[in-house]
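So this block is query_24.txt, compact mmCIF, C-alpha atoms:
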```
# COMPACT_ATOMS: atom_id res chain seq x y z
CA MET A 29 21.19 -14.43 0.12
CA ASP A 30 23.36 -17.48 0.56
CA PRO A 31 22.16 -20.59 -1.33
CA LEU A 32 20.99 -23.64 0.55
CA PRO A 33 24.03 -25.67 1.64
CA LEU A 34 23.20 -28.80 -0.36
CA GLU A 35 22.44 -27.06 -3.68
CA GLY A 36 23.97 -29.18 -6.44
CA ILE A 37 23.97 -32.42 -4.40
CA THR A 38 22.01 -35.33 -5.90
CA VAL A 39 20.69 -38.10 -3.68
CA VAL A 40 19.27 -41.41 -4.88
CA ALA A 41 17.29 -43.35 -2.28
CA VAL A 42 15.85 -46.85 -2.40
CA GLU A 43 13.78 -46.31 0.71
CA GLN A 44 10.61 -47.13 2.53
CA ALA A 45 8.73 -46.45 5.77
CA VAL A 46 10.35 -43.75 7.97
CA ALA A 47 14.06 -44.14 8.77
CA ALA A 48 15.54 -43.54 5.30
CA PRO A 49 12.75 -41.27 3.97
CA PHE A 50 12.99 -38.94 6.98
CA ALA A 51 16.78 -38.75 6.57
CA THR A 52 16.58 -37.89 2.89
CA ARG A 53 13.81 -35.37 3.47
CA GLN A 54 16.23 -33.42 5.66
CA LEU A 55 18.65 -33.41 2.72
CA ALA A 56 15.92 -32.21 0.36
CA ASP A 57 14.94 -29.41 2.75
CA LEU A 58 18.56 -28.21 2.65
CA GLY A 59 18.60 -28.02 -1.13
CA ALA A 60 19.60 -31.49 -2.32
CA ARG A 61 17.87 -33.10 -5.26
CA VAL A 62 16.40 -36.36 -3.92
CA ILE A 63 15.33 -39.11 -6.31
CA LYS A 64 13.11 -41.62 -4.53
CA VAL A 65 13.03 -45.11 -6.03
CA GLU A 66 9.77 -46.90 -5.27
CA ARG A 67 8.18 -50.23 -6.06
CA THR A 68 5.94 -50.31 -9.13
CA ALA A 69 3.12 -51.96 -7.15
CA GLY A 70 2.02 -49.45 -4.55
CA GLY A 71 5.36 -47.71 -4.06
CA ASP A 72 6.77 -47.03 -0.63
CA PHE A 73 4.46 -49.04 1.63
CA ALA A 74 4.13 -46.00 3.91
CA ARG A 75 1.84 -44.61 1.19
CA GLY A 76 -0.75 -47.05 2.47
CA TYR A 77 -0.47 -46.55 6.23
CA ASP A 78 -3.54 -44.30 6.45
CA THR A 79 -5.51 -41.68 4.52
CA ALA A 80 -5.53 -38.98 7.20
CA ALA A 81 -3.85 -36.21 5.16
CA HIS A 82 -6.79 -35.46 2.87
CA GLY A 83 -6.53 -38.95 1.41
CA LEU A 84 -2.75 -39.31 1.62
CA ALA A 85 -0.84 -41.14 4.34
CA SER A 86 0.34 -38.84 7.11
CA HIS A 87 3.68 -40.66 7.46
CA PHE A 88 4.33 -40.30 3.75
CA VAL A 89 3.45 -36.61 3.64
CA TRP A 90 5.74 -35.95 6.61
CA CYS A 91 8.77 -37.79 5.25
CA ASN A 92 8.68 -37.32 1.49
CA ARG A 93 8.14 -33.74 0.43
CA GLY A 94 10.54 -32.24 -2.07
CA LYS A 95 11.44 -35.54 -3.76
CA GLU A 96 11.16 -36.93 -7.29
CA SER A 97 9.49 -40.34 -7.50
CA ILE A 98 10.53 -43.03 -9.95
CA ALA A 99 8.81 -46.42 -9.79
CA LEU A 100 10.92 -49.41 -10.89
CA ASP A 101 11.01 -53.17 -10.40
CA LEU A 102 14.54 -53.80 -9.15
CA LYS A 103 14.16 -57.55 -9.56
CA ASP A 104 14.17 -56.99 -13.31
CA PRO A 105 17.69 -56.34 -14.68
CA ARG A 106 16.38 -53.37 -16.68
CA GLY A 107 14.97 -51.70 -13.57
CA LEU A 108 18.17 -52.32 -11.65
CA ASP A 109 20.22 -50.96 -14.54
CA ALA A 110 18.20 -47.74 -14.47
CA VAL A 111 18.93 -47.29 -10.75
CA ARG A 112 22.61 -47.93 -11.32
CA ARG A 113 22.65 -45.26 -14.02
CA LEU A 114 21.06 -42.81 -11.60
CA ILE A 115 23.61 -43.69 -8.91
CA ALA A 116 26.50 -43.14 -11.33
CA ASP A 117 25.62 -39.43 -11.45
CA ALA A 118 24.72 -39.10 -7.76
CA ASP A 119 26.62 -37.77 -4.76
CA VAL A 120 24.72 -39.76 -2.13
CA PHE A 121 22.89 -43.08 -2.08
CA VAL A 122 20.65 -44.17 0.82
CA GLN A 123 18.88 -47.49 1.33
CA ASN A 124 16.98 -49.22 4.10
CA LEU A 125 15.95 -52.44 2.40
CA ALA A 126 15.48 -55.64 4.39
CA HIS A 127 18.64 -57.37 5.57
CA GLY A 128 20.60 -58.84 2.66
CA ALA A 129 18.39 -57.36 -0.07
CA ALA A 130 20.74 -54.50 -0.98
CA SER A 131 23.74 -56.84 -1.13
CA ARG A 132 21.89 -59.22 -3.44
CA LEU A 133 21.18 -56.30 -5.76
CA GLY A 134 24.70 -54.89 -5.52
CA LEU A 135 23.29 -51.76 -3.86
CA ASP A 136 25.04 -52.08 -0.50
CA ALA A 137 27.32 -49.24 0.51
CA ALA A 138 30.58 -51.20 0.28
CA THR A 139 29.90 -52.38 -3.28
CA LEU A 140 28.76 -48.99 -4.52
CA CYS A 141 31.61 -47.05 -2.92
CA ALA A 142 34.15 -49.44 -4.45
CA ALA A 143 32.67 -48.68 -7.88
CA HIS A 144 32.16 -44.95 -7.26
CA PRO A 145 34.88 -43.56 -4.94
CA ARG A 146 33.24 -40.12 -4.58
CA LEU A 147 29.87 -41.56 -3.62
CA VAL A 148 28.59 -41.35 -0.05
CA ALA A 149 26.49 -44.50 0.40
CA VAL A 150 24.33 -45.14 3.47
CA ASP A 151 23.07 -48.46 4.75
CA ILE A 152 20.31 -48.10 7.36
CA SER A 153 19.37 -51.31 9.13
CA GLY A 154 17.55 -52.47 12.20
CA TYR A 155 20.41 -54.09 14.07
CA GLY A 156 23.52 -53.72 11.91
CA ALA A 157 25.12 -55.88 9.24
CA SER A 158 26.62 -58.43 11.63
CA GLY A 159 25.85 -60.10 14.93
CA PRO A 160 23.09 -62.50 15.96
CA TYR A 161 20.32 -59.95 15.34
CA ALA A 162 21.46 -58.88 11.87
CA GLY A 163 18.67 -60.72 10.09
CA LYS A 164 15.95 -60.00 12.63
CA ARG A 165 12.94 -57.98 11.51
CA ALA A 166 13.18 -54.49 12.93
CA TYR A 167 10.06 -52.37 13.12
CA ASP A 168 10.07 -49.25 15.24
CA MET A 169 8.12 -50.55 18.24
CA LEU A 170 10.18 -53.75 18.30
CA VAL A 171 13.41 -51.75 18.43
CA GLN A 172 11.96 -49.48 21.13
CA CYS A 173 11.54 -52.66 23.18
CA GLU A 174 14.97 -54.08 22.38
CA ALA A 175 16.65 -50.74 23.18
CA GLY A 176 14.96 -50.44 26.55
CA LEU A 177 13.04 -47.26 25.74
CA VAL A 178 9.75 -48.87 26.67
CA SER A 179 11.19 -49.90 30.05
CA VAL A 180 11.69 -46.26 31.10
CA THR A 181 8.56 -44.78 29.50
CA GLY A 182 5.17 -45.02 31.15
CA THR A 183 3.80 -45.34 34.66
CA PRO A 184 5.14 -47.49 37.52
CA GLU A 185 2.50 -50.08 36.63
CA GLN A 186 2.69 -50.00 32.84
CA PRO A 187 5.53 -49.55 30.34
CA VAL A 188 4.45 -47.85 27.12
CA LYS A 189 6.01 -47.18 23.75
CA ALA A 190 6.81 -43.65 22.68
CA GLY A 191 3.98 -41.98 20.77
CA ILE A 192 6.28 -41.27 17.82
CA PRO A 193 8.53 -43.68 15.86
CA ALA A 194 11.54 -42.89 18.04
CA ALA A 195 13.82 -45.65 16.70
CA ASP A 196 13.14 -44.65 13.09
CA ILE A 197 13.70 -40.97 13.85
CA ALA A 198 16.92 -41.65 15.75
CA ALA A 199 18.32 -43.68 12.86
CA ALA A 200 17.18 -41.06 10.34
CA MET A 201 18.89 -38.22 12.13
CA TYR A 202 22.18 -40.12 12.49
CA ALA A 203 22.01 -41.04 8.81
CA PHE A 204 21.40 -37.36 7.98
CA SER A 205 24.34 -36.17 10.07
CA GLY A 206 26.48 -39.04 8.78
CA VAL A 207 25.86 -37.91 5.20
CA LEU A 208 26.79 -34.33 6.07
CA ALA A 209 29.99 -35.48 7.79
CA ALA A 210 30.93 -37.71 4.85
CA LEU A 211 30.32 -34.87 2.39
CA VAL A 212 32.63 -32.61 4.44
CA ARG A 213 35.28 -35.34 4.39
CA ARG A 214 34.84 -35.74 0.65
CA GLY A 215 35.46 -32.03 0.27
CA THR A 216 38.92 -32.46 1.81
CA THR A 217 39.89 -35.94 0.58
CA GLY A 218 37.92 -36.30 -2.66
CA ARG A 219 36.49 -39.61 -1.46
CA GLY A 220 33.03 -40.41 -0.19
CA GLY A 221 32.64 -43.75 1.50
CA PRO A 222 30.15 -45.94 3.31
CA VAL A 223 27.98 -44.78 6.21
CA GLU A 224 26.29 -47.38 8.42
CA VAL A 225 23.48 -46.66 10.88
CA SER A 226 21.38 -49.13 12.84
CA MET A 227 18.12 -48.32 14.58
CA LEU A 228 19.15 -50.20 17.73
CA GLU A 229 22.48 -48.39 18.07
CA ALA A 230 20.91 -45.00 17.32
CA LEU A 231 18.19 -45.43 19.92
CA ALA A 232 20.61 -46.92 22.45
CA GLU A 233 22.61 -43.68 22.19
CA TRP A 234 19.45 -41.73 22.98
CA LEU A 235 19.00 -43.89 26.09
CA GLY A 236 22.30 -42.52 27.40
CA HIS A 237 21.03 -41.00 30.65
CA PRO A 238 19.06 -43.99 31.95
CA LEU A 239 21.73 -46.35 30.60
CA HIS A 240 24.55 -44.62 32.49
CA HIS A 241 22.30 -44.33 35.55
CA THR A 242 21.87 -48.11 35.44
CA ILE A 243 25.35 -49.37 34.57
CA HIS A 244 27.18 -46.97 36.89
CA GLY A 245 24.57 -46.37 39.59
CA GLY A 246 23.34 -49.94 39.81
CA THR A 247 19.61 -49.36 39.37
CA PRO A 248 17.50 -48.21 36.42
CA PRO A 249 15.40 -45.05 36.85
CA GLU A 250 11.82 -45.76 37.81
CA ARG A 251 8.98 -45.11 35.40
CA THR A 252 7.18 -42.08 36.75
CA GLY A 253 4.68 -41.04 34.09
CA LEU A 254 4.99 -37.28 33.66
CA ALA A 255 6.92 -36.93 36.92
CA HIS A 256 10.71 -36.85 37.08
CA ALA A 257 12.42 -39.83 38.68
CA VAL A 258 14.90 -37.80 40.76
CA ILE A 259 13.39 -34.27 41.02
CA ALA A 260 10.33 -33.06 42.93
CA PRO A 261 8.07 -31.28 42.30
CA TYR A 262 8.33 -32.03 38.58
CA ASP A 263 5.00 -33.21 37.23
CA ALA A 264 1.74 -32.17 35.58
CA TYR A 265 -1.03 -30.93 37.87
CA PRO A 266 -4.75 -30.41 37.11
CA THR A 267 -6.19 -26.90 37.10
CA ALA A 268 -9.68 -25.63 37.85
CA ASP A 269 -10.68 -25.36 34.19
CA GLY A 270 -9.78 -28.95 33.30
CA GLY A 271 -6.32 -28.14 31.99
CA ARG A 272 -3.01 -29.50 33.17
CA VAL A 273 0.11 -27.49 33.95
CA LEU A 274 3.55 -29.00 34.23
CA LEU A 275 6.12 -27.36 36.48
CA SER A 276 9.72 -28.11 37.32
CA VAL A 277 11.58 -27.00 40.44
CA GLN A 278 15.28 -27.42 39.71
CA ASN A 279 16.80 -26.26 43.00
CA ASP A 280 15.91 -25.32 46.55
CA ARG A 281 15.86 -21.57 45.85
CA GLU A 282 13.10 -22.18 43.34
CA TRP A 283 11.23 -24.29 45.88
CA ARG A 284 11.27 -21.41 48.34
CA ARG A 285 9.88 -19.07 45.68
CA LEU A 286 7.20 -21.59 44.74
CA ALA A 287 6.20 -22.05 48.38
CA GLU A 288 5.95 -18.33 49.02
CA GLN A 289 4.56 -16.92 45.76
CA VAL A 290 2.38 -19.76 44.42
CA LEU A 291 1.51 -22.07 47.29
CA GLY A 292 1.13 -19.24 49.78
CA LEU A 293 3.01 -21.32 52.36
CA PRO A 294 6.39 -19.64 52.82
CA GLU A 295 7.17 -21.76 55.88
CA LEU A 296 7.62 -24.80 53.59
CA GLY A 297 10.81 -23.28 52.28
CA ALA A 298 12.60 -24.05 55.54
CA ASP A 299 10.61 -27.11 56.61
CA PRO A 300 13.09 -30.05 56.70
CA VAL A 301 10.42 -32.31 55.16
CA PHE A 302 10.52 -30.20 51.97
CA ALA A 303 13.54 -27.89 52.11
CA THR A 304 15.84 -29.99 49.91
CA ASN A 305 15.23 -31.88 46.71
CA ALA A 306 16.24 -35.14 48.38
CA ALA A 307 13.64 -34.51 51.08
CA ARG A 308 10.95 -33.62 48.54
CA VAL A 309 11.65 -36.77 46.52
CA ALA A 310 11.48 -38.85 49.71
CA ASN A 311 8.16 -37.15 50.48
CA ARG A 312 6.93 -36.93 46.90
CA ALA A 313 3.29 -37.72 47.68
CA ARG A 314 3.04 -34.93 50.25
CA THR A 315 4.92 -32.51 48.00
CA ASP A 316 2.63 -33.26 45.05
CA GLU A 317 -0.45 -32.92 47.23
CA LEU A 318 0.57 -29.43 48.31
CA VAL A 319 1.34 -28.29 44.77
CA GLY A 320 -1.75 -29.98 43.36
CA THR A 321 -4.04 -28.34 45.89
CA ALA A 322 -2.71 -24.88 45.08
CA LEU A 323 -2.96 -25.27 41.31
CA LYS A 324 -6.39 -26.91 41.41
CA ALA A 325 -7.77 -23.62 42.72
CA LEU A 326 -6.53 -21.74 39.63
CA ASP A 327 -7.38 -21.96 35.96
CA ALA A 328 -4.50 -22.87 33.65
CA ASP A 329 -3.78 -19.31 32.49
CA GLU A 330 -3.67 -17.99 36.04
CA ALA A 331 -1.51 -20.87 37.22
CA LEU A 332 0.98 -20.31 34.42
CA ALA A 333 1.05 -16.57 35.09
CA ARG A 334 1.82 -17.09 38.78
CA LEU A 335 4.50 -19.67 38.05
CA GLU A 336 6.13 -17.41 35.46
CA ALA A 337 6.06 -14.47 37.87
CA ALA A 338 7.79 -16.63 40.49
CA GLY A 339 10.45 -17.71 38.00
CA ILE A 340 9.35 -21.35 37.99
CA ALA A 341 9.76 -23.33 34.75
CA CYS A 342 6.34 -24.37 33.55
CA ALA A 343 4.36 -25.50 30.53
CA ARG A 344 0.81 -26.16 29.41
CA LEU A 345 0.11 -29.81 28.66
CA ARG A 346 -1.11 -29.54 25.06
CA ASP A 347 -2.62 -32.01 22.65
CA LEU A 348 -1.76 -32.09 18.95
CA ARG A 349 -4.58 -29.76 17.93
CA GLU A 350 -3.19 -27.22 20.37
CA LEU A 351 0.31 -27.76 18.98
CA ALA A 352 -1.03 -26.98 15.50
CA GLY A 353 -2.26 -23.65 16.86
CA HIS A 354 0.69 -22.98 19.15
CA PRO A 355 1.18 -19.22 19.53
CA GLN A 356 4.98 -19.50 19.44
CA LEU A 357 4.98 -21.33 16.11
CA ALA A 358 2.54 -18.76 14.75
CA ALA A 359 4.54 -15.79 16.03
CA ARG A 360 7.72 -17.17 14.44
CA GLU A 361 5.87 -17.85 11.17
CA ARG A 362 6.90 -21.52 11.08
CA TRP A 363 3.98 -22.79 8.99
CA ARG A 364 4.10 -23.15 5.20
CA GLU A 365 2.09 -24.98 2.55
CA VAL A 366 3.49 -27.75 0.38
CA GLY A 367 1.95 -29.08 -2.79
CA SER A 368 0.70 -32.64 -3.08
CA PRO A 369 -1.46 -34.78 -5.37
CA VAL A 370 -4.48 -33.72 -3.25
CA GLY A 371 -3.65 -30.02 -3.10
CA PRO A 372 -1.77 -27.82 -0.62
CA LEU A 373 -1.03 -29.20 2.84
CA ARG A 374 0.20 -27.36 5.94
CA ALA A 375 3.71 -28.26 7.06
CA LEU A 376 6.23 -26.91 9.52
CA LEU A 377 9.47 -25.37 8.42
CA PRO A 378 12.32 -27.70 9.40
CA PRO A 379 13.99 -26.73 12.67
CA ILE A 380 17.39 -25.97 11.10
CA THR A 381 17.28 -22.25 10.35
CA LEU A 382 20.12 -20.61 8.42
CA PRO A 383 19.73 -16.85 8.87
CA GLY A 384 20.91 -14.84 5.89
CA GLY A 385 20.36 -17.73 3.51
CA ASP A 386 17.57 -19.11 1.39
CA GLU A 387 14.62 -20.60 3.25
CA ALA A 388 14.41 -24.37 3.43
CA ARG A 389 13.15 -25.88 0.20
CA MET A 390 9.81 -27.46 1.01
CA GLY A 391 8.91 -29.09 -2.27
CA ASP A 392 5.83 -31.03 -3.25
CA VAL A 393 4.88 -34.48 -2.02
CA PRO A 394 5.22 -36.62 -5.18
CA ALA A 395 2.69 -38.97 -6.67
CA LEU A 396 3.96 -42.51 -7.25
CA GLY A 397 6.11 -42.53 -10.39
CA GLN A 398 5.44 -38.87 -11.07
CA HIS A 399 8.97 -38.37 -12.44
CA THR A 400 9.62 -41.81 -13.92
CA ASP A 401 9.67 -40.82 -17.59
CA ALA A 402 11.74 -37.69 -17.09
CA LEU A 403 14.34 -39.50 -15.00
CA LEU A 404 14.61 -42.42 -17.42
CA ARG A 405 15.13 -40.01 -20.29
CA ALA A 406 17.78 -38.22 -18.23
CA VAL A 407 19.82 -41.44 -17.98
CA GLY A 408 19.66 -41.97 -21.74
CA MET A 409 16.62 -44.14 -22.34
CA THR A 410 14.55 -43.60 -25.45
CA ASP A 411 10.78 -43.23 -25.47
CA ALA A 412 10.54 -46.68 -27.03
CA GLU A 413 12.58 -48.22 -24.23
CA ILE A 414 10.47 -46.46 -21.63
CA THR A 415 7.28 -47.66 -23.27
CA ALA A 416 8.61 -51.21 -23.17
CA LEU A 417 9.47 -50.94 -19.49
CA ARG A 418 5.99 -49.69 -18.69
CA ARG A 419 4.41 -52.40 -20.85
CA ASP A 420 6.36 -55.09 -19.00
CA GLY A 421 5.63 -53.67 -15.55
CA VAL A 422 9.28 -52.77 -14.92
CA ALA A 423 8.47 -49.07 -14.63
CA ALA A 424 5.37 -47.23 -13.50
```
Target format structure tokens, applied to this file:
Amino acid sequence: MDPLPLEGITVVAVEQAVAAPFATRQLADLGARVIKVERTAGGDFARGYDTAAHGLASHFVWCNRGKESIALDLKDPRGLDAVRRLIADADVFVQNLAHGAASRLGLDAATLCAAHPRLVAVDISGYGASGPYAGKRAYDMLVQCEAGLVSVTGTPEQPVKAGIPAADIAAAMYAFSGVLAALVRRGTTGRGGPVEVSMLEALAEWLGHPLHHTIHGGTPPERTGLAHAVIAPYDAYPTADGGRVLLSVQNDREWRRLAEQVLGLPELGADPVFATNAARVANRARTDELVGTALKALDADEALARLEAAGIACARLRDLRELAGHPQLAARERWREVGSPVGPLRALLPPITLPGGDEARMGDVPALGQHTDALLRAVGMTDAEITALRRDGVAA
């Protein structure tokens, strides 16, 4: 079996919330050793978001498995010195502190890479290090608004935010891929270097389709709920048993099959009111009424079976409990258990699969400061020094 690709890579992260922790969790899953530096008072504030995961915060459980936790006060020179000692032996450093905080501590990417040429150092921010928004507070929903995501998500009457922290996740995944790219470059040049990612720029990239539609086509796509702005029929329709089935007709051949094999109205395939996608979009209400009437007479299983038999792309509209029991995830054996301070918790294998290699390393969710003493000893501190740091509140 091939080893995980990041075996032997050490990551130090001064991180909080989602953007940086989710990025470094990807690194941990691929074999990196991730040392998470937390505040002595309460740690990463995501630890306190909720208690839904058997007493732990669901955000924290999701983003922080497989890490070692050290709790230090970085405002104290002794705590900052300990972090610098950890960084001196690291391959990667990641931080998403508030604007200016990393620079004041000398933990910004430019400063660290100047001192450690092989280090890959990542600055994750809300809006970037420069420009009029550099110092603006940047929480996920705020960035969703600034990036225009909210403007294209929702119903015609009501814009809504995404149900997941899309700006945080976008920044995390670009930070993750940026680290991998910088490590590849280091392998050929011997030098690491800074990596910069902003939540706004990451999410703006994800808005590529509606953005290009607007700046080149002249008008933004309309908000259409679960429907598609430029394809019909493409929506979720109620079924007789209270379910909802989403279907997508991508071309006129599929429409003819849908009309004949599901709607039982083969004449609609040639009817000029419905025969082309442009016509169906122009007559969306009538198109949806026809499809909705046919599916309302079927239960969800029967509707899906007929759509599949006709070669029409379709899906069941599931809630999160149904996702947790999804037959495809079960059949592919994607569920594992990870340890935590409250016992084993179910978690999904990460979506990067490397056949022929070791399975992703899904380590335990750490308690706050669980590894403080061991890590301080590893950077040369004596038990007496560690006792003093704990006594003075510099370590926890």
Residue contacts of Gly128 of chain A (9 Å, all atoms listed in the file) excluding same-chain residues fewer than 6 positions away, as a list of chain:residue names
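Once the nearby chain positions are removed, what remains is A:Asp136, A:Ala157, A:Gly163.
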Please provide the set of residues having any atom within 8 Å of segment 201-206 of chain A, restricted to only C-alpha atoms, with same-chain residues fewer than 2 positions apart removed, written as a PyMOL selection string.
chain A and resi 48+50-52+54-55+150+152+197-199+208-210+223-225+230
Grab the atom CA of Gly156 of chain A to atom CA of Gly107 of chain A distance for me, in Å with one decimal place.
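Pair atom CA of Gly156 of chain A / atom CA of Gly107 of chain A returns 27.0 Å.
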Taking all listed atoms of segment 144-155 of chain A, build the axis-aligned box, pad each of the six sides by 8 Å, then write its centre and edge lengths in Å to one decimal as lines of an AutoDock Vina configuration file.
```
center_x = 26.2
center_y = -47.1
center_z = 3.4
size_x = 33.3
size_y = 30.0
size_z = 37.3
```
What is the distance between atom CA of Glu43 of chain A and atom CA of Lys64 of chain A, in Å to one decimal?
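Atom CA of Glu43 of chain A sits 7.1 Å away from atom CA of Lys64 of chain A.
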Calculated over only C-alpha atoms, which of the candidates A:Asp327, A:Val62, A:Pro294, A:Ala343 has the smallest distance to Val273 of chain A?
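Going through A:Asp327, A:Val62, A:Pro294, A:Ala343 one by one, the smallest distance to Val273 of chain A is for A:Ala343.
Within 12 Å of Ala190 of chain A, once only C-alpha atoms are used and residues closer than 4 positions along the same chain are dropped, the contacting residues are Asp168, Met169, Leu170, Val171, Gln172, Cys173, Gly176, Leu177, Val178, Ser179, Val180, Thr181, Gly182, Ala194, Ala195, Asp196, Ile197, Leu231 and Gly253 of chain A.
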So that each row is one residue of segment 217-297 of chain A with an atom at most 6 Å from segment 143-148 of chain A, can you give its shortest atom pair and the distance in Å to one decimal, using only C-alpha atoms, rows by chain and rising number, as JSON lines?
```
{"residue": "A:Arg219", "atom": "CA", "partner": "A:Arg146", "partner_atom": "CA", "distance": 4.5}
{"residue": "A:Gly220", "atom": "CA", "partner": "A:Arg146", "partner_atom": "CA", "distance": 4.4}
{"residue": "A:Gly221", "atom": "CA", "partner": "A:Val148", "partner_atom": "CA", "distance": 5.0}
{"residue": "A:Pro222", "atom": "CA", "partner": "A:Val148", "partner_atom": "CA", "distance": 5.9}
```
Rank nothing, just name the residue among A:Ser86, A:Ser97, A:Asn92, A:Asn305 nearest to Leu404 of chain A, using only C-alpha atoms.
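Between A:Ser86, A:Ser97, A:Asn92, A:Asn305, the residue approaching Leu404 of chain A most closely is A:Ser97.
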Please list as a PyMOL selection string every residue within 8 Å of Pro261 of chain A, counting all atoms listed in the file and excluding residues in the same chain fewer than 6 positions away.
chain A and resi 255+275-277+308-309+312+315-316+319
With a distance cut-off of 8 Å and all atoms listed in the file, select the neighbouring residues of segment 287-293 of chain A, excluding the residue or stretch itself and same-chain residues fewer than 3 positions from it, and output the selection as a count of residues only.
10
